[in-house]
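J.: Enclosed is the structure file start-v5.tsv (TSV, C-alpha atoms).
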```
chain	number	residue	atom	x	y	z
A	27	MET	CA	17.77	66.22	102.07
A	28	LYS	CA	21.35	65.37	101.14
A	29	THR	CA	23.40	62.99	103.27
A	30	TYR	CA	27.18	62.59	103.47
A	31	ASP	CA	29.71	61.04	105.82
A	32	LEU	CA	31.29	64.44	106.28
A	33	VAL	CA	30.08	67.97	105.61
A	34	ILE	CA	32.73	70.67	105.51
A	35	VAL	CA	31.38	74.16	106.06
A	36	GLY	CA	33.61	76.60	104.23
A	37	GLY	CA	35.52	76.16	100.98
A	38	GLY	CA	38.68	78.10	101.69
A	39	VAL	CA	42.10	76.51	101.72
A	40	CYS	CA	41.26	74.91	105.07
A	41	GLY	CA	38.00	73.34	103.92
A	42	MET	CA	39.53	72.17	100.65
A	43	THR	CA	42.50	70.57	102.43
A	44	ALA	CA	40.09	68.73	104.75
A	45	ALA	CA	38.17	67.60	101.66
A	46	VAL	CA	41.31	66.14	100.07
A	47	TYR	CA	41.99	64.07	103.18
A	48	ALA	CA	38.34	63.00	103.47
A	49	ALA	CA	38.20	61.88	99.85
A	50	ARG	CA	41.43	59.95	100.15
A	51	ALA	CA	39.94	58.20	103.20
A	52	SER	CA	36.98	57.17	101.00
A	53	LEU	CA	34.51	59.28	102.94
A	54	SER	CA	31.62	60.82	101.04
A	55	ALA	CA	32.19	64.50	101.58
A	56	CYS	CA	30.58	67.78	100.67
A	57	ILE	CA	31.81	71.35	100.90
A	58	LEU	CA	29.19	74.03	101.59
A	59	GLU	CA	30.56	77.44	100.62
A	60	LYS	CA	28.60	80.66	101.01
A	61	ASP	CA	30.45	82.40	98.15
A	62	VAL	CA	32.91	80.54	95.93
A	63	CYS	CA	35.77	78.27	96.96
A	64	GLY	CA	39.01	79.97	97.84
A	65	GLY	CA	38.03	82.09	100.82
A	66	LEU	CA	40.28	84.95	101.83
A	67	VAL	CA	43.14	83.60	99.72
A	68	ASN	CA	41.10	84.60	96.65
A	69	TRP	CA	41.55	88.18	97.80
A	70	THR	CA	45.30	87.94	98.16
A	71	HIS	CA	46.98	89.53	95.20
A	72	THR	CA	50.28	87.71	95.56
A	73	VAL	CA	51.06	84.67	97.72
A	74	GLU	CA	54.78	84.27	98.34
A	75	ASN	CA	54.83	82.09	101.45
A	76	PHE	CA	53.34	78.89	100.04
A	77	PRO	CA	55.99	76.19	99.54
A	78	SER	CA	56.16	75.06	95.89
A	79	HIS	CA	55.11	78.45	94.49
A	80	LYS	CA	57.61	81.30	94.67
A	81	SER	CA	54.89	83.75	93.74
A	82	ILE	CA	51.31	83.09	92.70
A	83	HIS	CA	48.04	85.00	92.69
A	84	GLY	CA	45.79	83.76	95.48
A	85	MET	CA	42.92	83.01	93.12
A	86	ASP	CA	45.16	80.95	90.84
A	87	LEU	CA	46.37	78.94	93.82
A	88	MET	CA	42.82	78.31	94.99
A	89	SER	CA	41.70	77.30	91.48
A	90	LEU	CA	44.36	74.59	91.55
A	91	CYS	CA	43.11	73.41	94.95
A	92	ARG	CA	39.51	73.36	93.75
A	93	GLU	CA	40.42	71.31	90.67
A	94	GLN	CA	42.12	68.72	92.88
A	95	VAL	CA	39.14	68.52	95.23
A	96	GLU	CA	36.69	68.12	92.36
A	97	GLU	CA	38.79	65.43	90.72
A	98	LEU	CA	38.73	63.49	93.98
A	99	GLY	CA	34.92	63.36	93.80
A	100	VAL	CA	34.03	65.76	96.60
A	101	SER	CA	30.69	67.55	96.13
A	102	ILE	CA	31.10	71.31	96.06
A	103	GLU	CA	28.04	73.47	96.69
A	104	GLU	CA	28.87	77.15	96.18
A	105	VAL	CA	26.67	80.16	96.98
A	106	GLU	CA	25.15	77.87	99.59
A	107	ASP	CA	25.10	79.63	102.94
A	108	VAL	CA	24.62	77.59	106.11
A	109	GLU	CA	22.04	79.57	108.06
A	110	ARG	CA	21.24	77.19	110.92
A	111	VAL	CA	22.58	73.98	112.40
A	112	ASP	CA	21.32	71.28	114.73
A	113	PHE	CA	24.18	69.32	116.25
A	114	SER	CA	22.10	67.74	119.04
A	115	GLY	CA	21.83	64.24	117.55
A	116	ALA	CA	24.26	61.68	116.15
A	117	GLU	CA	23.31	62.90	112.66
A	118	LYS	CA	24.39	66.52	112.35
A	119	ARG	CA	21.89	68.69	110.47
A	120	LEU	CA	22.66	71.84	108.49
A	121	PHE	CA	20.09	74.12	106.87
A	122	THR	CA	21.11	76.39	104.01
A	123	SER	CA	19.96	79.56	102.28
A	124	SER	CA	18.59	77.60	99.32
A	125	GLY	CA	16.20	75.73	101.61
A	126	GLU	CA	18.22	72.51	101.45
A	127	GLU	CA	18.96	70.30	104.45
A	128	TYR	CA	22.27	68.46	104.70
A	129	THR	CA	22.99	65.68	107.20
A	130	ALA	CA	26.29	64.05	108.07
A	131	GLY	CA	27.90	61.86	110.69
A	132	ALA	CA	30.61	64.46	111.17
A	133	VAL	CA	31.09	68.14	110.41
A	134	ILE	CA	34.19	70.27	110.03
A	135	VAL	CA	33.62	73.98	110.49
A	136	ALA	CA	36.13	75.89	108.35
A	137	THR	CA	34.24	79.12	107.81
A	138	GLY	CA	37.22	81.39	108.28
A	139	ARG	CA	36.87	85.12	108.65
A	140	LYS	CA	35.42	88.08	106.79
A	141	PRO	CA	36.79	91.63	106.37
A	142	ARG	CA	35.84	94.12	109.06
A	143	PRO	CA	33.80	97.10	107.82
A	144	LEU	CA	34.93	100.73	107.97
A	145	PRO	CA	34.73	101.76	111.65
A	146	VAL	CA	32.70	104.93	111.04
A	147	GLN	CA	29.21	105.51	109.69
A	148	THR	CA	29.18	107.53	106.48
A	149	SER	CA	27.02	108.35	103.47
A	150	PHE	CA	30.18	108.44	101.34
A	151	GLU	CA	29.60	105.70	98.78
A	152	ARG	CA	33.13	105.18	97.52
A	153	VAL	CA	34.22	102.83	100.29
A	154	HIS	CA	35.72	99.59	99.01
A	155	TYR	CA	37.11	96.29	100.27
A	156	CYS	CA	38.54	94.87	97.02
A	157	SER	CA	41.14	96.74	95.00
A	158	VAL	CA	40.99	94.26	92.11
A	159	CYS	CA	37.23	94.83	91.79
A	160	ASP	CA	37.14	98.58	92.32
A	161	GLY	CA	40.62	99.97	91.88
A	162	ALA	CA	40.50	100.69	88.14
A	163	ALA	CA	37.99	103.52	88.71
A	164	TYR	CA	40.73	105.41	90.58
A	165	ARG	CA	43.39	105.64	87.88
A	166	GLY	CA	44.91	109.10	88.11
A	167	LYS	CA	43.16	109.77	91.42
A	168	ASN	CA	44.03	109.76	95.10
A	169	VAL	CA	42.77	107.24	97.63
A	170	ILE	CA	43.11	106.52	101.33
A	171	VAL	CA	43.80	102.98	102.50
A	172	ILE	CA	42.72	102.27	106.06
A	173	GLY	CA	44.97	99.68	107.70
A	174	GLY	CA	48.73	99.18	107.68
A	175	GLY	CA	48.83	95.40	107.79
A	176	ASN	CA	49.93	93.08	104.99
A	177	SER	CA	46.63	93.51	103.16
A	178	GLY	CA	46.80	97.30	103.38
A	179	PHE	CA	50.30	97.45	101.92
A	180	ASP	CA	49.77	94.71	99.31
A	181	GLU	CA	46.59	96.33	98.06
A	182	SER	CA	48.23	99.78	98.03
A	183	LEU	CA	50.99	98.44	95.83
A	184	TYR	CA	48.37	96.91	93.56
A	185	LEU	CA	46.49	100.22	93.36
A	186	THR	CA	49.57	102.24	92.43
A	187	GLY	CA	50.39	99.56	89.88
A	188	LEU	CA	46.97	100.17	88.34
A	189	GLY	CA	47.78	103.83	87.95
A	190	VAL	CA	46.32	105.35	91.10
A	191	SER	CA	48.22	108.62	91.59
A	192	HIS	CA	48.67	108.49	95.33
A	193	VAL	CA	47.74	106.19	98.19
A	194	HIS	CA	47.73	107.41	101.78
A	195	ILE	CA	47.89	104.47	104.21
A	196	VAL	CA	46.38	105.29	107.59
A	197	GLU	CA	47.29	103.03	110.53
A	198	ALA	CA	45.82	103.50	114.01
A	199	PHE	CA	48.70	101.83	115.83
A	200	PRO	CA	52.17	103.36	116.29
A	201	THR	CA	53.73	100.91	113.83
A	202	CYS	CA	52.59	99.03	110.75
A	203	ILE	CA	52.63	95.25	111.04
A	204	ALA	CA	53.03	94.52	107.32
A	205	ALA	CA	56.12	92.55	106.31
A	206	ALA	CA	59.19	94.81	106.35
A	207	SER	CA	60.06	93.95	102.75
A	208	THR	CA	56.58	94.98	101.56
A	209	GLN	CA	56.74	98.23	103.51
A	210	ASP	CA	60.14	99.03	102.01
A	211	LYS	CA	58.82	98.37	98.51
A	212	ALA	CA	55.78	100.58	99.09
A	213	ARG	CA	57.74	103.48	100.54
A	214	ALA	CA	60.37	103.30	97.81
A	215	GLY	CA	57.91	103.93	94.98
A	216	GLY	CA	57.11	107.51	96.00
A	217	LYS	CA	53.38	107.10	95.42
A	218	ILE	CA	52.48	105.72	98.83
A	219	SER	CA	52.64	107.70	102.07
A	220	VAL	CA	52.01	106.25	105.52
A	221	SER	CA	50.60	107.82	108.68
A	222	VAL	CA	50.83	105.83	111.90
A	223	SER	CA	49.12	106.57	115.23
A	224	THR	CA	46.34	108.01	113.13
A	225	GLU	CA	42.68	107.18	113.45
A	226	LEU	CA	39.80	107.80	111.11
A	227	VAL	CA	37.28	110.07	112.85
A	228	SER	CA	34.69	110.74	110.17
A	229	VAL	CA	34.03	110.74	106.44
A	230	ALA	CA	31.68	113.22	104.77
A	231	ALA	CA	30.42	113.00	101.19
A	232	LEU	CA	31.11	116.11	99.10
A	233	PRO	CA	28.79	117.35	96.32
A	234	ASP	CA	31.37	116.46	93.65
A	235	GLY	CA	31.38	112.81	94.75
A	236	ARG	CA	34.67	113.01	96.63
A	237	GLY	CA	35.00	112.50	100.37
A	238	ARG	CA	36.24	114.75	103.16
A	239	VAL	CA	38.08	112.67	105.73
A	240	LEU	CA	38.86	113.78	109.28
A	241	LEU	CA	41.95	112.11	110.75
A	242	ARG	CA	43.28	112.42	114.28
A	243	ASN	CA	46.77	111.70	115.56
A	244	THR	CA	46.25	109.48	118.61
A	245	ALA	CA	49.57	110.56	120.16
A	246	THR	CA	49.20	114.35	119.87
A	247	GLY	CA	45.46	114.79	119.34
A	248	ALA	CA	46.15	116.91	116.26
A	249	GLU	CA	43.46	116.70	113.59
A	250	ASP	CA	43.83	116.88	109.85
A	251	VAL	CA	41.30	117.11	107.03
A	252	GLU	CA	41.96	115.39	103.74
A	253	GLU	CA	39.88	115.17	100.58
A	254	THR	CA	39.98	111.88	98.74
A	255	ASP	CA	38.47	110.20	95.70
A	256	GLY	CA	37.93	106.90	97.46
A	257	ILE	CA	38.62	104.80	100.54
A	258	PHE	CA	39.80	101.20	100.64
A	259	CYS	CA	39.44	99.45	104.00
A	260	PHE	CA	41.73	96.62	105.12
A	261	ILE	CA	41.53	96.51	108.92
A	262	GLY	CA	41.52	92.82	109.56
A	263	GLN	CA	38.84	90.20	109.79
A	264	SER	CA	36.23	88.82	112.17
A	265	PRO	CA	35.15	85.15	112.42
A	266	ASN	CA	32.23	83.69	110.48
A	267	THR	CA	30.55	81.84	113.34
A	268	ARG	CA	27.03	83.27	113.49
A	269	PRO	CA	25.25	79.96	112.62
A	270	PHE	CA	27.15	78.20	115.40
A	271	GLU	CA	26.36	80.59	118.24
A	272	GLY	CA	24.68	78.61	121.01
A	273	GLU	CA	25.90	75.31	119.56
A	274	LEU	CA	29.68	75.60	119.87
A	275	ASP	CA	31.88	77.05	122.58
A	276	LEU	CA	33.07	80.46	121.36
A	277	LYS	CA	35.64	82.93	122.65
A	278	ASP	CA	35.39	86.42	121.15
A	279	GLY	CA	33.51	84.80	118.28
A	280	TYR	CA	36.20	82.19	117.56
A	281	ILE	CA	35.57	78.46	118.13
A	282	ARG	CA	37.36	76.72	120.96
A	283	VAL	CA	38.91	73.37	119.99
A	284	ASN	CA	41.42	70.99	121.52
A	285	ALA	CA	44.67	69.91	119.88
A	286	ASP	CA	42.72	67.38	117.78
A	287	MET	CA	40.46	70.14	116.44
A	288	GLU	CA	37.51	68.72	118.38
A	289	THR	CA	34.80	71.12	119.55
A	290	ARG	CA	32.75	70.42	122.65
A	291	ILE	CA	30.31	68.39	120.50
A	292	PRO	CA	31.46	64.88	119.49
A	293	GLY	CA	31.63	64.64	115.70
A	294	VAL	CA	31.92	68.39	115.17
A	295	PHE	CA	35.39	69.67	114.42
A	296	ALA	CA	36.67	73.13	113.58
A	297	ALA	CA	39.84	74.24	111.84
A	298	GLY	CA	41.64	77.18	110.28
A	299	ASP	CA	41.16	80.89	110.86
A	300	VAL	CA	37.85	80.38	112.65
A	301	ILE	CA	39.35	78.70	115.74
A	302	VAL	CA	40.98	80.29	118.77
A	303	LYS	CA	44.71	80.44	117.99
A	304	LYS	CA	47.60	82.81	117.51
A	305	TRP	CA	48.79	82.41	113.91
A	306	ARG	CA	46.47	82.50	110.94
A	307	GLN	CA	48.27	81.62	107.74
A	308	ILE	CA	47.48	79.49	104.68
A	309	THR	CA	49.86	76.83	105.91
A	310	THR	CA	48.54	76.78	109.50
A	311	ALA	CA	44.98	76.43	108.17
A	312	MET	CA	46.09	73.46	106.10
A	313	GLY	CA	47.71	71.87	109.15
A	314	ASP	CA	44.53	72.32	111.19
A	315	ALA	CA	42.46	70.89	108.34
A	316	THR	CA	44.68	67.81	108.11
A	317	ILE	CA	44.24	67.07	111.80
A	318	ALA	CA	40.49	67.74	111.71
A	319	ALA	CA	39.92	65.46	108.71
A	320	LEU	CA	42.00	62.62	110.12
A	321	GLN	CA	40.22	62.95	113.44
A	322	ALA	CA	36.81	63.07	111.74
A	323	GLU	CA	37.64	59.88	109.86
A	324	LYS	CA	38.66	58.19	113.10
A	325	TYR	CA	35.43	59.36	114.74
A	326	LEU	CA	33.26	58.11	111.87
A	327	ARG	CA	34.98	54.69	111.80
A	328	ALA	CA	34.44	54.33	115.55
A	329	MET	CA	30.74	55.16	115.16
A	330	LYS	CA	30.15	52.39	112.59
B	21	MET	CA	33.51	83.44	83.02
B	22	SER	CA	33.23	79.71	83.74
B	23	VAL	CA	29.47	79.13	83.83
B	24	GLU	CA	28.30	77.01	80.89
B	25	ASN	CA	26.41	78.46	77.91
B	26	VAL	CA	27.74	81.96	78.36
B	27	THR	CA	28.28	84.13	75.29
B	28	ARG	CA	31.44	86.21	75.35
B	29	LEU	CA	30.76	89.66	74.01
B	30	ASP	CA	32.94	92.45	72.70
B	31	SER	CA	32.27	95.79	71.07
B	32	SER	CA	31.48	94.14	67.76
B	33	SER	CA	28.86	91.73	69.13
B	34	PHE	CA	27.32	93.57	72.11
B	35	ASP	CA	24.62	95.53	70.27
B	36	ASP	CA	23.45	92.51	68.27
B	37	PHE	CA	23.19	90.48	71.46
B	38	VAL	CA	21.16	93.19	73.18
B	39	ARG	CA	18.80	93.42	70.20
B	40	SER	CA	18.17	89.70	69.96
B	41	HIS	CA	18.32	88.29	73.48
B	42	GLU	CA	16.69	88.51	76.87
B	43	GLY	CA	18.94	87.89	79.85
B	44	ILE	CA	21.87	89.22	81.81
B	45	VAL	CA	25.31	90.43	80.77
B	46	LEU	CA	28.01	90.22	83.43
B	47	PHE	CA	30.80	92.78	83.25
B	48	HIS	CA	33.73	91.15	85.01
B	49	LYS	CA	37.47	91.13	85.35
B	50	LYS	CA	40.05	88.38	85.65
B	51	LEU	CA	41.07	87.52	89.23
B	52	CYS	CA	38.15	89.47	90.72
B	53	PRO	CA	36.71	87.50	93.65
B	54	HIS	CA	33.32	89.24	93.62
B	55	CYS	CA	33.02	88.51	89.89
B	56	LYS	CA	33.60	84.82	90.55
B	57	VAL	CA	30.82	84.84	93.10
B	58	MET	CA	28.43	86.52	90.68
B	59	GLU	CA	29.33	84.03	87.94
B	60	THR	CA	28.16	81.24	90.23
B	61	VAL	CA	25.09	83.19	91.30
B	62	LEU	CA	24.09	83.77	87.67
B	63	GLY	CA	24.59	80.09	86.88
B	64	LYS	CA	22.13	79.24	89.66
B	65	VAL	CA	19.63	81.86	88.52
B	66	ALA	CA	19.79	80.72	84.90
B	67	ALA	CA	19.13	77.16	86.05
B	68	GLN	CA	15.79	78.31	87.44
B	69	ILE	CA	14.70	81.03	85.02
B	70	PRO	CA	15.23	80.62	81.26
B	71	MET	CA	17.52	83.43	80.16
B	72	SER	CA	20.56	84.16	78.04
B	73	LEU	CA	23.84	84.80	79.83
B	74	ALA	CA	26.72	86.78	78.42
B	75	ALA	CA	29.98	88.15	79.74
B	76	VAL	CA	32.14	91.16	78.94
B	77	ASP	CA	35.74	91.44	80.12
B	78	SER	CA	35.80	94.97	81.51
B	79	GLU	CA	39.53	95.38	80.97
B	80	GLU	CA	39.35	94.40	77.31
B	81	GLU	CA	36.17	96.39	76.65
B	82	PRO	CA	36.31	99.69	78.58
B	83	ALA	CA	34.06	101.36	75.98
B	84	LEU	CA	31.28	98.88	76.74
B	85	MET	CA	31.67	99.61	80.45
B	86	GLU	CA	31.17	103.27	79.67
B	87	LYS	CA	28.24	102.48	77.42
B	88	VAL	CA	26.25	100.91	80.27
B	89	GLY	CA	27.51	103.45	82.81
B	90	ALA	CA	29.54	100.97	84.84
B	91	GLU	CA	32.70	102.01	86.67
B	92	ARG	CA	33.27	98.91	88.77
B	93	VAL	CA	32.85	95.15	88.59
B	94	PRO	CA	30.94	92.95	88.91
B	95	THR	CA	28.18	94.82	87.09
B	96	LEU	CA	25.04	93.13	85.80
B	97	ALA	CA	23.18	94.55	82.82
B	98	LEU	CA	19.62	93.31	82.35
B	99	ILE	CA	18.78	92.93	78.67
B	100	ARG	CA	15.13	92.98	77.61
B	101	GLY	CA	13.13	94.38	74.69
B	102	GLY	CA	16.25	95.17	72.70
B	103	GLU	CA	17.74	97.48	75.31
B	104	VAL	CA	19.68	97.55	78.55
B	105	ARG	CA	16.76	97.78	80.96
B	106	ALA	CA	18.65	97.96	84.29
B	107	VAL	CA	22.19	97.96	85.64
B	108	PHE	CA	23.43	96.82	89.03
B	109	THR	CA	26.95	96.80	90.49
B	110	GLY	CA	27.97	94.61	93.41
B	111	ILE	CA	27.04	91.34	95.05
B	112	ARG	CA	23.58	89.81	95.31
B	113	ASN	CA	22.42	86.30	96.17
B	114	PRO	CA	20.40	84.18	93.69
B	115	ARG	CA	17.06	85.12	95.24
B	116	GLU	CA	17.87	88.83	95.00
B	117	VAL	CA	19.03	88.54	91.39
B	118	MET	CA	15.85	86.66	90.48
B	119	ALA	CA	13.71	89.35	92.09
B	120	TRP	CA	15.71	92.08	90.31
B	121	TYR	CA	15.43	90.27	86.98
B	122	GLN	CA	11.70	89.64	87.28
B	123	GLY	CA	10.98	93.14	88.57
B	124	ASN	CA	12.57	95.03	85.68
```
Taking this structure as input, can you express it in the form of structure tokens?
T.:
Amino acid sequence: MKTYDLVIVGGGVCGMTAAVYAARASLSACILEKDVCGGLVNWTHTVENFPSHKSIHGMDLMSLCREQVEELGVSIEEVEDVERVDFSGAEKRLFTSSGEEYTAGAVIVATGRKPRPLPVQTSFERVHYCSVCDGAAYRGKNVIVIGGGNSGFDESLYLTGLGVSHVHIVEAFPTCIAAASTQDKARAGGKISVSVSTELVSVAALPDGRGRVLLRNTATGAEDVEETDGIFCFIGQSPNTRPFEGELDLKDGYIRVNADMETRIPGVFAAGDVIVKKWRQITTAMGDATIAALQAEKYLRAMK
Amino acid sequence: MSVENVTRLDSSSFDDFVRSHEGIVLFHKKLCPHCKVMETVLGKVAAQIPMSLAAVDSEEEPALMEKVGAERVPTLALIRGGEVRAVFTGIRNPREVMAWYQGN
């Protein structure tokens, strides 16, 4: 069993910001991260809305954060998935995939969100969620990107930059919500086409390894068949709150907190993308984390 | 690759490594989030099972990718008995990698 003043579940920008504040308050703190630190920001090809960096790869930004957290003496446990929690007592207990038990006087849940899977069942194997990991295999080929948000457009630009011949972005809603400047850049290159009000109906695997995709225009009902070499899916995220079901108050899977990031359980705080709120940005996650860590410190001091 | 005691391989050293070691070679790519996860997973596995770890940058060594039949990263190549015994692409947790390693 490992014991800390504060356990932070999730090592994204939110969890790491909370860790910085905890360390500076002389709390013993530990981050439990199911993958590696950085969270969704690791998947962001270019971050251009973080003050102090005009343009930086998400993973580079998160590496800098991780270095700072480590230097401050925070324990970082990666590939350590919290599977079950017991928040019933004053000492909060967390049980992980490695069989370890962690206890702490306070917990901050900063588990963020995970990408939503393709909304249709298919035996087509070339469905991807990471263009950096999988995009190189599609040089000189055509792919479909599902989702016209910022991720869909950013990743499409990355794919064409790799040498993908053509990207067809398919968006179910009547307009794409990606930043206007990104959309302009994508459309200007001539290698990216966009279909709005278009839903993915089915994907069938062809004998040659390609996929046959059935698309339907939601406004007119017209259907279209397209053959593609691969599909990349960027249709948003859902919250990582499964271990906290039954313990914390959830709304549509997101954790309800008050303005001080307090959950319904004293000593358990939540922050970042995982809480009920409107805007989910790197900077808003950091703001939430700051409040949660300061409030956790106040709570722990009061308990002593 | 940031895990300690990892041998970096290229086309001039790959075959020698395969002939003389037993372990896992990770084919990875810079700024690949899944690759970072698998680096950490392999570090945890190697802490429990004695093995050699090596890494190949897939962008610098496309011929080696082709040699093991890998198109995407992260790809793990299991090295045993002087040959590439098994290849796996994608994400697995430490327990799954241990089972895969011990079962091949």
J.: Which polymer residues, protein or nucleic acid, are no farther than 9 Å from (30.9, 94.3, 90.1), counting only C-alpha atoms, as a PyMOL selection string?
T.: (chain A and resi 159-160) or (chain B and resi 46-49+52+54-55+58+90-96+108-111)
J.: For a test of reading the model, state the distance in Å between atom CA of Phe199 of chain A and atom CA of Ile218 of chain A, rounded to one decimal.
T.: 17.8 Å
J.: Write out as a JSON list (two decimals) with C-alpha atoms, in the coordinates of the input which residues come within 12 Å of Pro265 of chain A when counting all atoms listed in the file, dropping same-chain ones fewer than 4 positions away.
T.:
```json
[["chain", "number", "residue", "atom", "x", "y", "z"],
["A", 36, "GLY", "CA", 33.61, 76.60, 104.23],
["A", 66, "LEU", "CA", 40.28, 84.95, 101.83],
["A", 135, "VAL", "CA", 33.62, 73.98, 110.49],
["A", 136, "ALA", "CA", 36.13, 75.89, 108.35],
["A", 137, "THR", "CA", 34.24, 79.12, 107.81],
["A", 138, "GLY", "CA", 37.22, 81.39, 108.28],
["A", 139, "ARG", "CA", 36.87, 85.12, 108.65],
["A", 140, "LYS", "CA", 35.42, 88.08, 106.79],
["A", 141, "PRO", "CA", 36.79, 91.63, 106.37],
["A", 142, "ARG", "CA", 35.84, 94.12, 109.06],
["A", 269, "PRO", "CA", 25.25, 79.96, 112.62],
["A", 270, "PHE", "CA", 27.15, 78.20, 115.40],
["A", 271, "GLU", "CA", 26.36, 80.59, 118.24],
["A", 276, "LEU", "CA", 33.07, 80.46, 121.36],
["A", 277, "LYS", "CA", 35.64, 82.93, 122.65],
["A", 278, "ASP", "CA", 35.39, 86.42, 121.15],
["A", 279, "GLY", "CA", 33.51, 84.80, 118.28],
["A", 280, "TYR", "CA", 36.20, 82.19, 117.56],
["A", 281, "ILE", "CA", 35.57, 78.46, 118.13],
["A", 297, "ALA", "CA", 39.84, 74.24, 111.84],
["A", 298, "GLY", "CA", 41.64, 77.18, 110.28],
["A", 299, "ASP", "CA", 41.16, 80.89, 110.86],
["A", 300, "VAL", "CA", 37.85, 80.38, 112.65],
["A", 301, "ILE", "CA", 39.35, 78.70, 115.74],
["A", 302, "VAL", "CA", 40.98, 80.29, 118.77],
["A", 306, "ARG", "CA", 46.47, 82.50, 110.94]]
```
J.: Could you tell me which of A:Val46, A:Cys91, A:Cys63, A:Met27 comes closest to chain B if we count only C-alpha atoms?
T.: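 Checking each of A:Val46, A:Cys91, A:Cys63, A:Met27 against chain B, counting only C-alpha atoms, the winner is A:Cys63.
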J.: Residues near Ser123 of chain A, anyone? I mean within 8 Å using only C-alpha atoms, not counting same-chain ones fewer than 6 positions away, as a ChimeraX atom specification.
T.: /A:106-109
J.: List the spatial neighbours of Lys87 of chain B as number ranges by chain - criterion: any atom at most 12 Å away, all atoms listed in the file, same-chain residues fewer than 2 positions off excluded.
T.: B: 31, 34-35, 47, 78, 81-85, 89-91, 97, 103-104, 107
J.: Should the cut-off be 10 Å, what would the residue list for chain A against chain B look like, counting only C-alpha atoms, as a PyMOL selection string?
T.: chain A and resi 60-71+83-86+104-107+123-124+156-164
J.: Any idea what's packed within 12 Å of Glu117 of chain A, counting all atoms listed in the file, ignoring anything in its chain fewer than 5 positions away? Could you give it as a list in words?
T.: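 Neighbouring residues, sequence-local ones excluded: Lys28, Thr29, Tyr30, Asp31, Leu32, Val33, Val111, Asp112, Glu127, Tyr128, Thr129, Ala130, Gly131, Ala132, Val133, Ile291, Pro292, Gly293, Val294, Leu326 and Met329 of chain A.
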J.: Could you check how far atom CA of Ser191 of chain A sits from atom CA of Gln147 of chain A, in Å to one decimal?
T.: 26.4 Å
J.: Around (15.6, 84.2, 90.5) in the file's own coordinates, what residues are found within 9 Å if you use all atoms listed in the file, given back as a PDB file with C-alpha atoms, keeping the file's coordinate frame?
T.:
```pdb
ATOM      1  CA  LEU B  62      24.090  83.770  87.670  1.00  0.00           C
ATOM      2  CA  LYS B  64      22.130  79.240  89.660  1.00  0.00           C
ATOM      3  CA  VAL B  65      19.630  81.860  88.520  1.00  0.00           C
ATOM      4  CA  ALA B  66      19.790  80.720  84.900  1.00  0.00           C
ATOM      5  CA  GLN B  68      15.790  78.310  87.440  1.00  0.00           C
ATOM      6  CA  ILE B  69      14.700  81.030  85.020  1.00  0.00           C
ATOM      7  CA  PRO B 114      20.400  84.180  93.690  1.00  0.00           C
ATOM      8  CA  ARG B 115      17.060  85.120  95.240  1.00  0.00           C
ATOM      9  CA  GLU B 116      17.870  88.830  95.000  1.00  0.00           C
ATOM     10  CA  VAL B 117      19.030  88.540  91.390  1.00  0.00           C
ATOM     11  CA  MET B 118      15.850  86.660  90.480  1.00  0.00           C
ATOM     12  CA  ALA B 119      13.710  89.350  92.090  1.00  0.00           C
ATOM     13  CA  TRP B 120      15.710  92.080  90.310  1.00  0.00           C
ATOM     14  CA  TYR B 121      15.430  90.270  86.980  1.00  0.00           C
ATOM     15  CA  GLN B 122      11.700  89.640  87.280  1.00  0.00           C
TER      16      GLN B 122
END
```
J.: How many Å lie between atom CA of Ile172 of chain A and atom CA of Ile195 of chain A, rounded to one decimal?
T.: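 Separating atom CA of Ile172 of chain A from atom CA of Ile195 of chain A is a distance of 5.9 Å.
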